[in-house]
Every structure is written in C-alpha cells, then in structure tokens.
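Visitor: Take this structure first; my questions come after.
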Amino acid sequence: MDTQSSPNIVFIMADDMGYGDVGCYNPNSKIPTPNMDKLAQEGIRFTDAHSPSAVCTPTRYGVLTGQYCWRSRLKHGVLYGYEPPLIEPERLTVPRLLKDAGYNTACVGKWHLGLEFSTTPGYDFDFNAPLPWQNAGRELEEHINFTAPLTGGPIDLGFDYFYGNAGCPTCQPPYGFIENDTFVEIPNVYHEVPEFTSRPGMMVPGWEHKDADPIIAQKAVEYIEGQTDADAPFFLYLTPSAPHEPCTEAVVPDFARGKSSAGPRGDLVWLVDWMVGEVMDALARTGKTDETLIFVTSDNGALPGDRIQGDNSPMPYHLYDHKSCGDWRGYKAHIWEGGHREPLIARWPGVIAPNTQTDALTCLTDLMATCAAIVGTEAPDDAGQDSCNVLPALLDEEIEHPLREAIVHHSSTGVFSIRHGERRLASTARWSSEIGCPRATVSNLRRSERNKQSVEQTPRDCRPVDGVVGEV
C-alpha cells in the first residue's frame with residue numbers, strides 16, 4: 001500500500017485494563033464498555049493477544065520499537081519521573097517508520113519512557129546514576145530546571161507532536177503537562193500529601209489528578225480535527241493513564257463517578273471507554289471513520305480491584321464480584337496469563353470484516369511489522385526483531401502457519417516465561433508478596449482450560465520443573 005491508500009492509524013493503549021474489564025471479552029463484567037463493544041462489533045477481536053511485559057514501561061518500549069524491553073538497559077521494573085530516555089536515539093520506532101512513509105505522527109498521553117531533564121545552574125547531578133528513583137527526594141526535584149527543553153522524548157523519536165506527561169500523571173511526579181519538548185506550566189509547587197498510592201513531588205499549581213485523562217482526550221480530538229485538510233495520513237498514539245492506581249474517588253472525574261458497579265477502578269475503566277468514544281465521534285465528525293484503522297488495547301494486566309489502604313494481606317483489594325482479568329490466572333506484574341493477556345480490538349471499515357474474532361497468537365510488539373506491511377515497506381534487519389506481521393489475522397485471512405511461533409513474557413521482577421504454541425514455561429511469579437508459587441512450571445494452556453485458576457493454586461495441568469522440561 002502507498003500513502004494514497006494507507007489508512008490513518010490510531011493506537012489507543014489503556015493503563016492496567018484487564019481482559020475481563022471489557023464487555024465483549026467478559027459478559028459478566030461489572031463495567032459498561034459500549035464503545036469498545038461497538039468497535040468489536042464493527043471490527044475484529046483478538047482472543048490470544050499479549051503485552052510483552054506485565055508492567056508499563058517495558059510494554060511501551062516494545063510497542064514503539066518492536067523489540068522486547070529486556071534487550072534494553074531496563075531488565076526489570078519501570079522508569080520513574082526523572083530517569084533518562086530508555087529508547088536508544090538511533091533506534092527505529094513505529095512513528096519514524098510511518099513518518100518515512102509520509103505520515104503525520106502524534107503522541108498524546110502518558111509517555112513513561114524517560115526524558116532528558118537538567119538541573120538549575122550550580123546544582124550538579126548525574127541522572128544516569130543508579131539511584132532510588134522511585135522516591136527522588138525533594139532537594140533534587142526543587143533543583144530540576146523545568147524551563148529547559150526536554151530531549152530524548154517523543155519529538156526526538158519520530159513524533160511530530162506530543163502532548164502529555166513524563167510518567168503516570170496520577171502517581172508519578174512531575175505532575176504537569178508537556179507540549180512537544182516544553183512544560184505547558186512550570187511545576188513549581190511541591191505536592192507533599194499525595195493521594196494514597198501516588199508519590200510526593202513537584203506539580204503545577206492547581207493540578208488535579210482527575211482532570212488528566214479528560215484533557216488528554218480533548219487534545220486527541222483536537223489533533224484529529226486538525227488533520228481534516230491534511231494531505232497525508234496520520235498516526236495517533238493515544239495513551240490514557242486510566243485505570244492505573246490510585247483507584248480512589250479523588251482521581252475519578254465527576255462525570256465518571258458511579259458509572260460502573262466495580263468501584264473507582266471500574267469507573268476509570270468506563271473513562272477509558274468514554275475516551276474511545278470521543279475518538280470514534282471525532283473520526284465520524286471529520287469524515288475519517290472509513291479511512292482509519294483503530295486499535296484499542298492495554299499495556300498489561302489489571303489489578304484485582306480497588307486497593308484497601310492499610311491492608312497488608314496477599315489480596316488487599318475490594319473486588320466487587322468483578323474479574324478484572326477474566327478467568328485468567330494472575331494480575332498486573334505477574335508472569336501468569338492475567339499479567340499479560342490483553343483485550344485487543346481493531347476496526348478498519350471496508351477492510352476488516354465486522355464482528356470477527358481471531359485466536360492468532362499476537363504480541364503488542366507486532367505493531368511495527370504490521371504497520372510496515374500496511375504501508376508497503378519493511379523494517380531493516382536490525383530493527384523490530386521481536387515484531388511479526390499480523391495483518392493476515394487482522395484481515396481474517398486463512399492462515400496455514402502461525403504468524404508468530406512464540407512470545408517471551410516478562411514480569412515486573414524480571415522473571416521470564418516462554419509461550420510456544422499451546423505450551424508455556426513459566427518461572428516463579430514474584431510480585432509485591434510471595435503467594436506460594438512453584439519455582440517454575442510448564443503447562444499446556446488448552447488442557448488446563450486456559451489456566452482458569454486462582455493465583456494461589458497451581459493449575460492441574462501444570463507441574464513444577466526441576467531439571468529437564470517435558471511436555472505436560
């Protein structure tokens with residue numbers, strides 16, 4: 001395909017939305033998701049799609065580079081507010097690939113892949129030092145030069161436009177919006193009393209966590225409307241922060257409160273669905289629906305529910321009789337299926353048949369190779385080595401051989417599992433607490449009824465591995 005016929009591409013990736021949160025994946029969901037459900041009715045739903053990691057930063061790296069994040073310097077965990085850029089300056093990214101193919105490109109929302117910050121004159125600091133970035137400290141934050149341009153971010157990696165946040169806007173400082181490479185307002189107030197699981201740090205005056213995603217939705221709509229008379233197609237990478245923690249009423253916009261029967265976290269999933277609807281409406285208003293390929297997914301598995309403050313038990317959550325990860329074992333950060341099996345919905349009117357479903361094994365790193373196929377180009381051999389072209393699955397074509405033979409999964413603590421066909425080898429699923437998991441298991445996903453087990457149990461078709469791994 002050339003750019004005369006190439007579609008606009010919108011990639012919406014929620015933050016910690018689970019397989020069981022979306023109605024078209026879980027008929028018993030306690031959360032209304034009419035827009036995502038409509039998108040599935042008008043397009044295709046993937047049932048075996050996975051994030052490359054069970055936490056935020058590594059998945060975002062994989063989506064934009066087509067490469068597993070464990071190949072980078074980040075071997076476990078996520079980045080925090082002031083850490084340097086993770087994506088290597090010379091690396092091919094999806095926006096660079098599409099820009100070379102004639103696309104306009106934009107990133108709107110949570111970045112969480114590092115930026116090159118600097119300090120005020122006379123205050124020397126090594127941002128590359130292995131420091132406890134989770135709590136940077138007030139002295140450092142008050143010496144950040146928030147007026148200096150930020151390098152190494154979206155604008156330097158292929159995006160023409162960026163509006164969003166350095167990290168998660170509800171729990172990671174600095175709390176404030178960045179446009180292109182500059183803060184819209186200067187974070188010059190120290191936020192001393194954070195909301196539950198969020199962290200103290202610098203913020204702009206009057207910052208409200210609950211306003212972050214509605215503003216992001218507005219900016220995404222404005223970008224789409226601004227492309228009405230453009231001669232080129234556009235790529236929009238839209239990354240809400242919902243339903244990431246803290247899941248409390250204070251971070252839920254007033255118009256979203258009580259929209260679900262699954263507490264504040266459920267209301268934040270509803271907010272993601274509302275944002276999807278805002279994008280769909282903007283495409284319809286501008287006459288771009290039929291020429292736009294839109295994806296909706298999530299960066300990793302979900303939390304079980306709303307965290308209970310002061311509860312240190314293995315499952316300190318209000319669950320609301322809602323299965324955020326469906327019947328899959330595990331949750332966000334886990335190496336088990338619930339940690340990385342994601343909803344993935346795509347619509348491309350006139351190209352993707354409506355109301356279709358595919359069980360093709362897919363990873364979110366596949367975006368690069370698939371976009372390359374759509375625009376009729378190929379990534380060089382040294383780029384996107386963990387990306388496979390899943391366009392045949394999108395088009396519901398007859399597939400004689402698997403489009404992807406295997407996926408290497410990665411947990412927050414750096415634990416690996418390998419999926420090959422219906423078999424999976426998983427190492428110990430450490431998280432914030434040990435929950436009686438064996439050191440390693442090999443399982444047959446089909447025979448174990450899709451790993452429909454609780455976190456505390458070993459599936460009946462899994463067995464501990466000690467030495468030679470055999471088929472179960």
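Identifiers for the structure tokens are assigned positionally: chains receive A, B, ... in sequence, residues are indexed from 1 per chain, and ligands are indexed from 1 in the order shown.
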Hey, what's within 8 Å of Thr170 (chain A) if we count only C-alpha atoms and toss same-chain stuff fewer than 6 positions away? As a PDB file with C-alpha atoms, in the first residue's frame, please?

Guide:
ATOM      1  CA  SER A 198       0.685   8.306  44.350  1.00  0.00           C
ATOM      2  CA  HIS A 209      -5.289  14.129  39.039  1.00  0.00           C
ATOM      3  CA  LYS A 210      -8.893  13.653  37.944  1.00  0.00           C
ATOM      4  CA  ALA A 212      -5.584  14.433  33.387  1.00  0.00           C
ATOM      5  CA  SER A 241      -3.405   6.797  32.431  1.00  0.00           C
ATOM      6  CA  HIS A 244      -3.876   2.930  36.847  1.00  0.00           C
ATOM      7  CA  GLU A 245      -3.648   3.433  40.602  1.00  0.00           C
ATOM      8  CA  PRO A 246      -4.537   5.251  42.748  1.00  0.00           C
ATOM      9  CA  VAL A 251      -8.929  10.622  40.811  1.00  0.00           C
TER      10      VAL A 251
END

Visitor: Please, which residues in region 161-257 of chain A fall within 9 Å of region 138-144 of chain A when counting only C-alpha atoms, and what is the closest atom pair and distance in Å to one decimal for each, ordered by chain then residue number, as CSV?

Guide:
residue,atom,partner,partner_atom,distance
A:Pro173,CA,A:Glu141,CA,8.9
A:Pro174,CA,A:Glu141,CA,8.4
A:Asn188,CA,A:Glu142,CA,7.7
A:Val189,CA,A:Glu142,CA,8.8
A:Tyr190,CA,A:Arg138,CA,7.8
A:Pro200,CA,A:Arg138,CA,8.5
A:Gly201,CA,A:Arg138,CA,6.8
A:Met202,CA,A:Glu141,CA,6.5

Visitor: Which neighbours of Tyr80 (chain A) fall inside 10 Å, counting only C-alpha atoms, when residues of the same chain fewer than 6 positions from it are skipped, and could you give them as a list in words?

Guide: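 Near neighbours after the sequence-gap exclusion: Thr57, His112, Leu113, Gly114, Pro132, Trp133, Gln134, Asn135, Ala136, Ala166, Gly167, Cys168, Gln172, Pro173 and Pro174 of chain A.
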
Visitor: With a distance cut-off of 9 Å and only C-alpha atoms, select the neighbouring residues of Leu86 (chain A), excluding the residue or stretch itself and same-chain residues fewer than 6 positions from it, and output the selection as a list of chain:residue names.

Guide: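 The filter keeps A:Tyr61, A:Ser72, A:Arg73, A:Leu74, A:Leu79, A:Leu113, A:Gly114, A:Leu115, A:Gly152.
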
Visitor: Could you turn the residues from that selection into a file that holds N, CA and C atoms, as a tab-separated table (two decimals), in the first residue's frame?

Guide:
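Saved as result05.tsv:
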chain	number	residue	atom	x	y	z
A	61	TYR	N	7.96	0.45	25.57
A	61	TYR	CA	9.19	0.31	24.79
A	61	TYR	C	8.97	-0.69	23.65
A	72	SER	N	16.99	-4.03	26.33
A	72	SER	CA	17.49	-2.68	26.63
A	72	SER	C	18.19	-2.69	27.99
A	73	ARG	N	18.47	-1.51	28.51
A	73	ARG	CA	19.13	-1.42	29.82
A	73	ARG	C	18.17	-1.75	30.97
A	74	LEU	N	16.86	-1.71	30.71
A	74	LEU	CA	15.87	-1.94	31.76
A	74	LEU	C	15.56	-3.43	31.84
A	79	LEU	N	10.36	2.76	34.71
A	79	LEU	CA	11.06	4.02	34.93
A	79	LEU	C	10.24	4.92	35.86
A	113	LEU	N	8.70	6.72	29.22
A	113	LEU	CA	9.88	6.10	28.62
A	113	LEU	C	11.14	6.94	28.83
A	114	GLY	N	11.08	7.86	29.78
A	114	GLY	CA	12.24	8.65	30.13
A	114	GLY	C	12.40	9.90	29.29
A	115	LEU	N	12.95	10.94	29.92
A	115	LEU	CA	13.24	12.21	29.26
A	115	LEU	C	14.57	12.73	29.80
A	152	GLY	N	15.29	13.71	24.04
A	152	GLY	CA	15.24	12.26	24.12
A	152	GLY	C	13.84	11.68	24.23

Visitor: Determine which residues of region 68-280 of chain A receive a DSSP assignment of helix (DSSP H, G or I), computed from the backbone, and state them as a PyMOL selection string.

Guide: chain A and resi 69-71+94-100+133-135+138-141+154-157+209-226+249-251+254-256+263-280

Visitor: Just the number, please: distance in Å from CA of Val276 (chain A) to CA of Ile12 (chain A), one decimal.

Guide: 7.7 Å

Visitor: Neighbours of Leu303 (chain A) within 12 Å (only C-alpha atoms; same-chain residues fewer than 6 positions away dropped), as number ranges by chain?

Guide: A: 15-21, 54-55, 242-247, 265-266, 269, 315-319, 322-326, 330-334, 338-340, 431

Visitor: Give me a file of those residues, with N, CA and C atoms, as a short mmCIF file (atom, residue, chain, number, x, y, z; two decimals), in the first residue's frame.

Guide:
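Contents of again.cif, as written:
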data_model
loop_
_atom_site.label_atom_id
_atom_site.label_comp_id
_atom_site.auth_asym_id
_atom_site.auth_seq_id
_atom_site.Cartn_x
_atom_site.Cartn_y
_atom_site.Cartn_z
N ASP A 15 -4.06 1.89 30.52
CA ASP A 15 -3.03 1.59 31.51
C ASP A 15 -3.61 0.69 32.60
N ASP A 16 -3.27 -0.58 32.56
CA ASP A 16 -3.73 -1.57 33.54
C ASP A 16 -5.19 -1.98 33.34
N MET A 17 -5.68 -2.00 32.14
CA MET A 17 -7.02 -2.50 31.85
C MET A 17 -6.92 -3.99 31.53
N GLY A 18 -7.75 -4.80 32.18
CA GLY A 18 -7.62 -6.25 32.06
C GLY A 18 -8.54 -6.88 31.04
N TYR A 19 -8.26 -8.14 30.76
CA TYR A 19 -9.02 -8.93 29.79
C TYR A 19 -10.49 -9.02 30.19
N GLY A 20 -10.75 -9.06 31.50
CA GLY A 20 -12.13 -9.21 31.96
C GLY A 20 -12.86 -7.90 32.20
N ASP A 21 -12.20 -6.78 31.96
CA ASP A 21 -12.84 -5.48 32.18
C ASP A 21 -13.80 -5.10 31.06
N ALA A 54 4.51 -7.43 31.86
CA ALA A 54 3.37 -7.34 32.76
C ALA A 54 3.30 -6.00 33.47
N VAL A 55 4.16 -5.05 33.08
CA VAL A 55 4.11 -3.69 33.64
C VAL A 55 4.34 -2.65 32.54
N ALA A 242 -5.66 5.99 32.87
CA ALA A 242 -6.67 5.14 33.50
C ALA A 242 -6.58 3.72 32.94
N PRO A 243 -6.91 2.71 33.79
CA PRO A 243 -7.33 2.81 35.19
C PRO A 243 -6.20 2.55 36.20
N HIS A 244 -5.02 3.10 35.95
CA HIS A 244 -3.88 2.93 36.85
C HIS A 244 -4.19 3.47 38.24
N GLU A 245 -3.52 2.90 39.25
CA GLU A 245 -3.65 3.43 40.60
C GLU A 245 -3.17 4.89 40.68
N PRO A 246 -3.64 5.63 41.67
CA PRO A 246 -4.54 5.25 42.75
C PRO A 246 -5.99 5.18 42.28
N CYS A 247 -6.66 4.12 42.64
CA CYS A 247 -8.06 3.95 42.26
C CYS A 247 -8.93 4.40 43.43
N ARG A 265 -12.05 2.00 40.49
CA ARG A 265 -11.28 1.43 39.38
C ARG A 265 -12.19 1.11 38.20
N GLY A 266 -13.35 0.57 38.48
CA GLY A 266 -14.31 0.30 37.41
C GLY A 266 -14.75 1.57 36.71
N VAL A 269 -12.12 2.48 34.24
CA VAL A 269 -12.22 1.71 33.00
C VAL A 269 -13.32 2.30 32.12
N MET A 315 -4.13 -10.30 49.28
CA MET A 315 -5.11 -9.79 48.31
C MET A 315 -5.85 -8.60 48.91
N PRO A 316 -5.15 -7.45 49.07
CA PRO A 316 -5.75 -6.30 49.77
C PRO A 316 -6.61 -5.43 48.86
N TYR A 317 -7.68 -6.00 48.32
CA TYR A 317 -8.48 -5.27 47.33
C TYR A 317 -9.97 -5.48 47.58
N HIS A 318 -10.74 -4.45 47.27
CA HIS A 318 -12.18 -4.60 47.10
C HIS A 318 -12.40 -5.15 45.69
N LEU A 319 -13.07 -6.29 45.57
CA LEU A 319 -13.20 -6.96 44.28
C LEU A 319 -14.52 -6.69 43.58
N HIS A 322 -16.14 -8.74 40.60
CA HIS A 322 -15.73 -8.46 39.21
C HIS A 322 -14.39 -9.10 38.96
N LYS A 323 -14.25 -9.80 37.84
CA LYS A 323 -12.99 -10.45 37.48
C LYS A 323 -12.25 -9.56 36.47
N SER A 324 -11.35 -8.74 36.96
CA SER A 324 -10.68 -7.76 36.09
C SER A 324 -9.85 -8.42 34.99
N CYS A 325 -9.30 -9.60 35.27
CA CYS A 325 -8.52 -10.32 34.26
C CYS A 325 -9.28 -11.52 33.71
N GLY A 326 -10.59 -11.50 33.88
CA GLY A 326 -11.40 -12.61 33.40
C GLY A 326 -11.09 -13.87 34.20
N GLY A 330 -3.64 -14.82 37.65
CA GLY A 330 -2.70 -13.74 37.88
C GLY A 330 -3.23 -12.37 37.51
N TYR A 331 -2.43 -11.36 37.82
CA TYR A 331 -2.81 -9.97 37.61
C TYR A 331 -1.61 -9.17 37.11
N LYS A 332 -1.75 -7.86 37.09
CA LYS A 332 -0.64 -6.98 36.72
C LYS A 332 0.63 -7.39 37.46
N ALA A 333 1.76 -7.34 36.73
CA ALA A 333 3.10 -7.63 37.26
C ALA A 333 3.40 -9.12 37.30
N HIS A 334 2.38 -9.99 37.27
CA HIS A 334 2.60 -11.43 37.30
C HIS A 334 3.07 -11.96 35.95
N GLY A 338 -2.89 -13.69 33.32
CA GLY A 338 -3.58 -12.45 33.70
C GLY A 338 -2.69 -11.23 33.71
N GLY A 339 -1.38 -11.45 33.78
CA GLY A 339 -0.45 -10.33 33.79
C GLY A 339 -0.19 -9.73 32.43
N HIS A 340 -0.48 -10.49 31.37
CA HIS A 340 -0.10 -10.00 30.04
C HIS A 340 -1.09 -10.33 28.92
N TRP A 431 5.95 -11.04 43.03
CA TRP A 431 5.27 -9.75 42.89
C TRP A 431 5.57 -8.96 44.15
#

Visitor: Find the spatial neighbours of Val108 (chain A), counting only C-alpha atoms, within a cut-off of 6 Å - ignore same-chain residues fewer than 6 positions away - and output them as a ChimeraX atom specification.

Guide: /A:162-164,238

Visitor: With N, CA and C atoms retained, export the selected residues as a PDB file, in the first residue's frame.

Guide:
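Full text of selection25.pdb as output:
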ATOM      1  N   PHE A 162       3.627  16.139  20.473  1.00  0.00           N
ATOM      2  CA  PHE A 162       3.429  15.442  21.743  1.00  0.00           C
ATOM      3  C   PHE A 162       2.688  16.354  22.704  1.00  0.00           C
ATOM      4  N   TYR A 163       1.695  15.787  23.369  1.00  0.00           N
ATOM      5  CA  TYR A 163       1.041  16.464  24.483  1.00  0.00           C
ATOM      6  C   TYR A 163       0.751  15.393  25.522  1.00  0.00           C
ATOM      7  N   GLY A 164       1.362  15.531  26.695  1.00  0.00           N
ATOM      8  CA  GLY A 164       1.142  14.506  27.698  1.00  0.00           C
ATOM      9  C   GLY A 164       2.010  14.706  28.917  1.00  0.00           C
ATOM     10  N   LEU A 238      -2.275   7.109  21.397  1.00  0.00           N
ATOM     11  CA  LEU A 238      -3.043   7.709  22.488  1.00  0.00           C
ATOM     12  C   LEU A 238      -2.976   6.807  23.717  1.00  0.00           C
TER      13      LEU A 238
END

Visitor: Find the residue from A:Ala256, A:Ala232, A:Ile308, A:Val272 that sits nearest to Ile216 (chain A); use only C-alpha atoms when measuring.

Guide: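 Counting only C-alpha atoms, the residue closest to Ile216 (chain A) is A:Val272.
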
Visitor: Choose the residue, out of A:Tyr223, A:Trp70, A:Phe159, A:Phe235, that has the smallest atom-to-atom separation from Trp111 (chain A); count only C-alpha atoms.

Guide: A:Phe159

Visitor: What's around region 397-412 of chain A at 8 Å? Count only C-alpha atoms, leave out sequence neighbours fewer than 2 positions away in its own chain, and write the answer as a PyMOL selection string.

Guide: chain A and resi 51-55+70+76-78+333-335+339-340+360-363+388-390+392-395+414-421+429+431

Visitor: Given the choices A:Ser29, A:Tyr237, A:Ala353, A:Cys69, which gets closest to Tyr320 (chain A) if the distance is worked out from only C-alpha atoms?

Guide: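 The answer is A:Ser29, which sits nearest to Tyr320 (chain A).
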
Visitor: Per DSSP on the backbone, filter region 30-180 of chain A down to the residues in strand (DSSP E) and report them as an MDAnalysis selection string.

Guide: chainID A and resid 44:50 104:110 161:165 178:179

Visitor: Just write the chosen residues, N, CA and C atoms, as a short mmCIF file (atom, residue, chain, number, x, y, z; two decimals), in the first residue's frame.

Guide:
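New file out-v7.cif:
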data_model
loop_
_atom_site.label_atom_id
_atom_site.label_comp_id
_atom_site.auth_asym_id
_atom_site.auth_seq_id
_atom_site.Cartn_x
_atom_site.Cartn_y
_atom_site.Cartn_z
N ILE A 44 -12.67 -6.53 14.56
CA ILE A 44 -12.18 -7.85 14.96
C ILE A 44 -11.69 -7.81 16.40
N ARG A 45 -11.86 -8.94 17.07
CA ARG A 45 -11.44 -9.08 18.46
C ARG A 45 -10.41 -10.20 18.54
N PHE A 46 -9.24 -9.89 19.09
CA PHE A 46 -8.18 -10.89 19.29
C PHE A 46 -8.38 -11.54 20.66
N THR A 47 -8.32 -12.87 20.72
CA THR A 47 -8.50 -13.57 21.98
C THR A 47 -7.21 -14.11 22.56
N ASP A 48 -6.11 -14.02 21.82
CA ASP A 48 -4.82 -14.51 22.31
C ASP A 48 -3.74 -13.46 22.06
N ALA A 49 -4.04 -12.22 22.46
CA ALA A 49 -3.11 -11.10 22.31
C ALA A 49 -2.43 -10.83 23.65
N HIS A 50 -1.16 -10.45 23.60
CA HIS A 50 -0.37 -10.30 24.82
C HIS A 50 0.49 -9.05 24.78
N ASN A 104 1.82 11.94 9.14
CA ASN A 104 1.94 12.85 10.28
C ASN A 104 1.80 12.00 11.54
N THR A 105 2.55 12.34 12.59
CA THR A 105 2.59 11.46 13.77
C THR A 105 2.39 12.26 15.04
N ALA A 106 1.65 11.69 15.99
CA ALA A 106 1.39 12.38 17.26
C ALA A 106 1.32 11.38 18.40
N CYS A 107 1.82 11.80 19.54
CA CYS A 107 1.73 11.04 20.79
C CYS A 107 0.98 11.91 21.78
N VAL A 108 -0.11 11.38 22.32
CA VAL A 108 -0.93 12.13 23.28
C VAL A 108 -1.18 11.24 24.49
N GLY A 109 -0.70 11.66 25.67
CA GLY A 109 -0.95 10.90 26.88
C GLY A 109 0.31 10.61 27.67
N LYS A 110 0.29 9.48 28.33
CA LYS A 110 1.37 9.05 29.21
C LYS A 110 2.56 8.57 28.38
N TYR A 161 4.31 15.65 17.02
CA TYR A 161 3.61 16.40 18.07
C TYR A 161 3.47 15.52 19.31
N PHE A 162 3.63 16.14 20.47
CA PHE A 162 3.43 15.44 21.74
C PHE A 162 2.69 16.35 22.70
N TYR A 163 1.70 15.79 23.37
CA TYR A 163 1.04 16.46 24.48
C TYR A 163 0.75 15.39 25.52
N GLY A 164 1.36 15.53 26.69
CA GLY A 164 1.14 14.51 27.70
C GLY A 164 2.01 14.71 28.92
N ASN A 165 2.34 13.59 29.55
CA ASN A 165 3.04 13.60 30.83
C ASN A 165 4.31 12.76 30.75
N ILE A 178 3.27 18.38 29.29
CA ILE A 178 4.35 18.77 28.40
C ILE A 178 3.78 18.86 27.00
N GLU A 179 4.10 19.92 26.28
CA GLU A 179 3.72 20.03 24.87
C GLU A 179 5.01 20.05 24.05
#
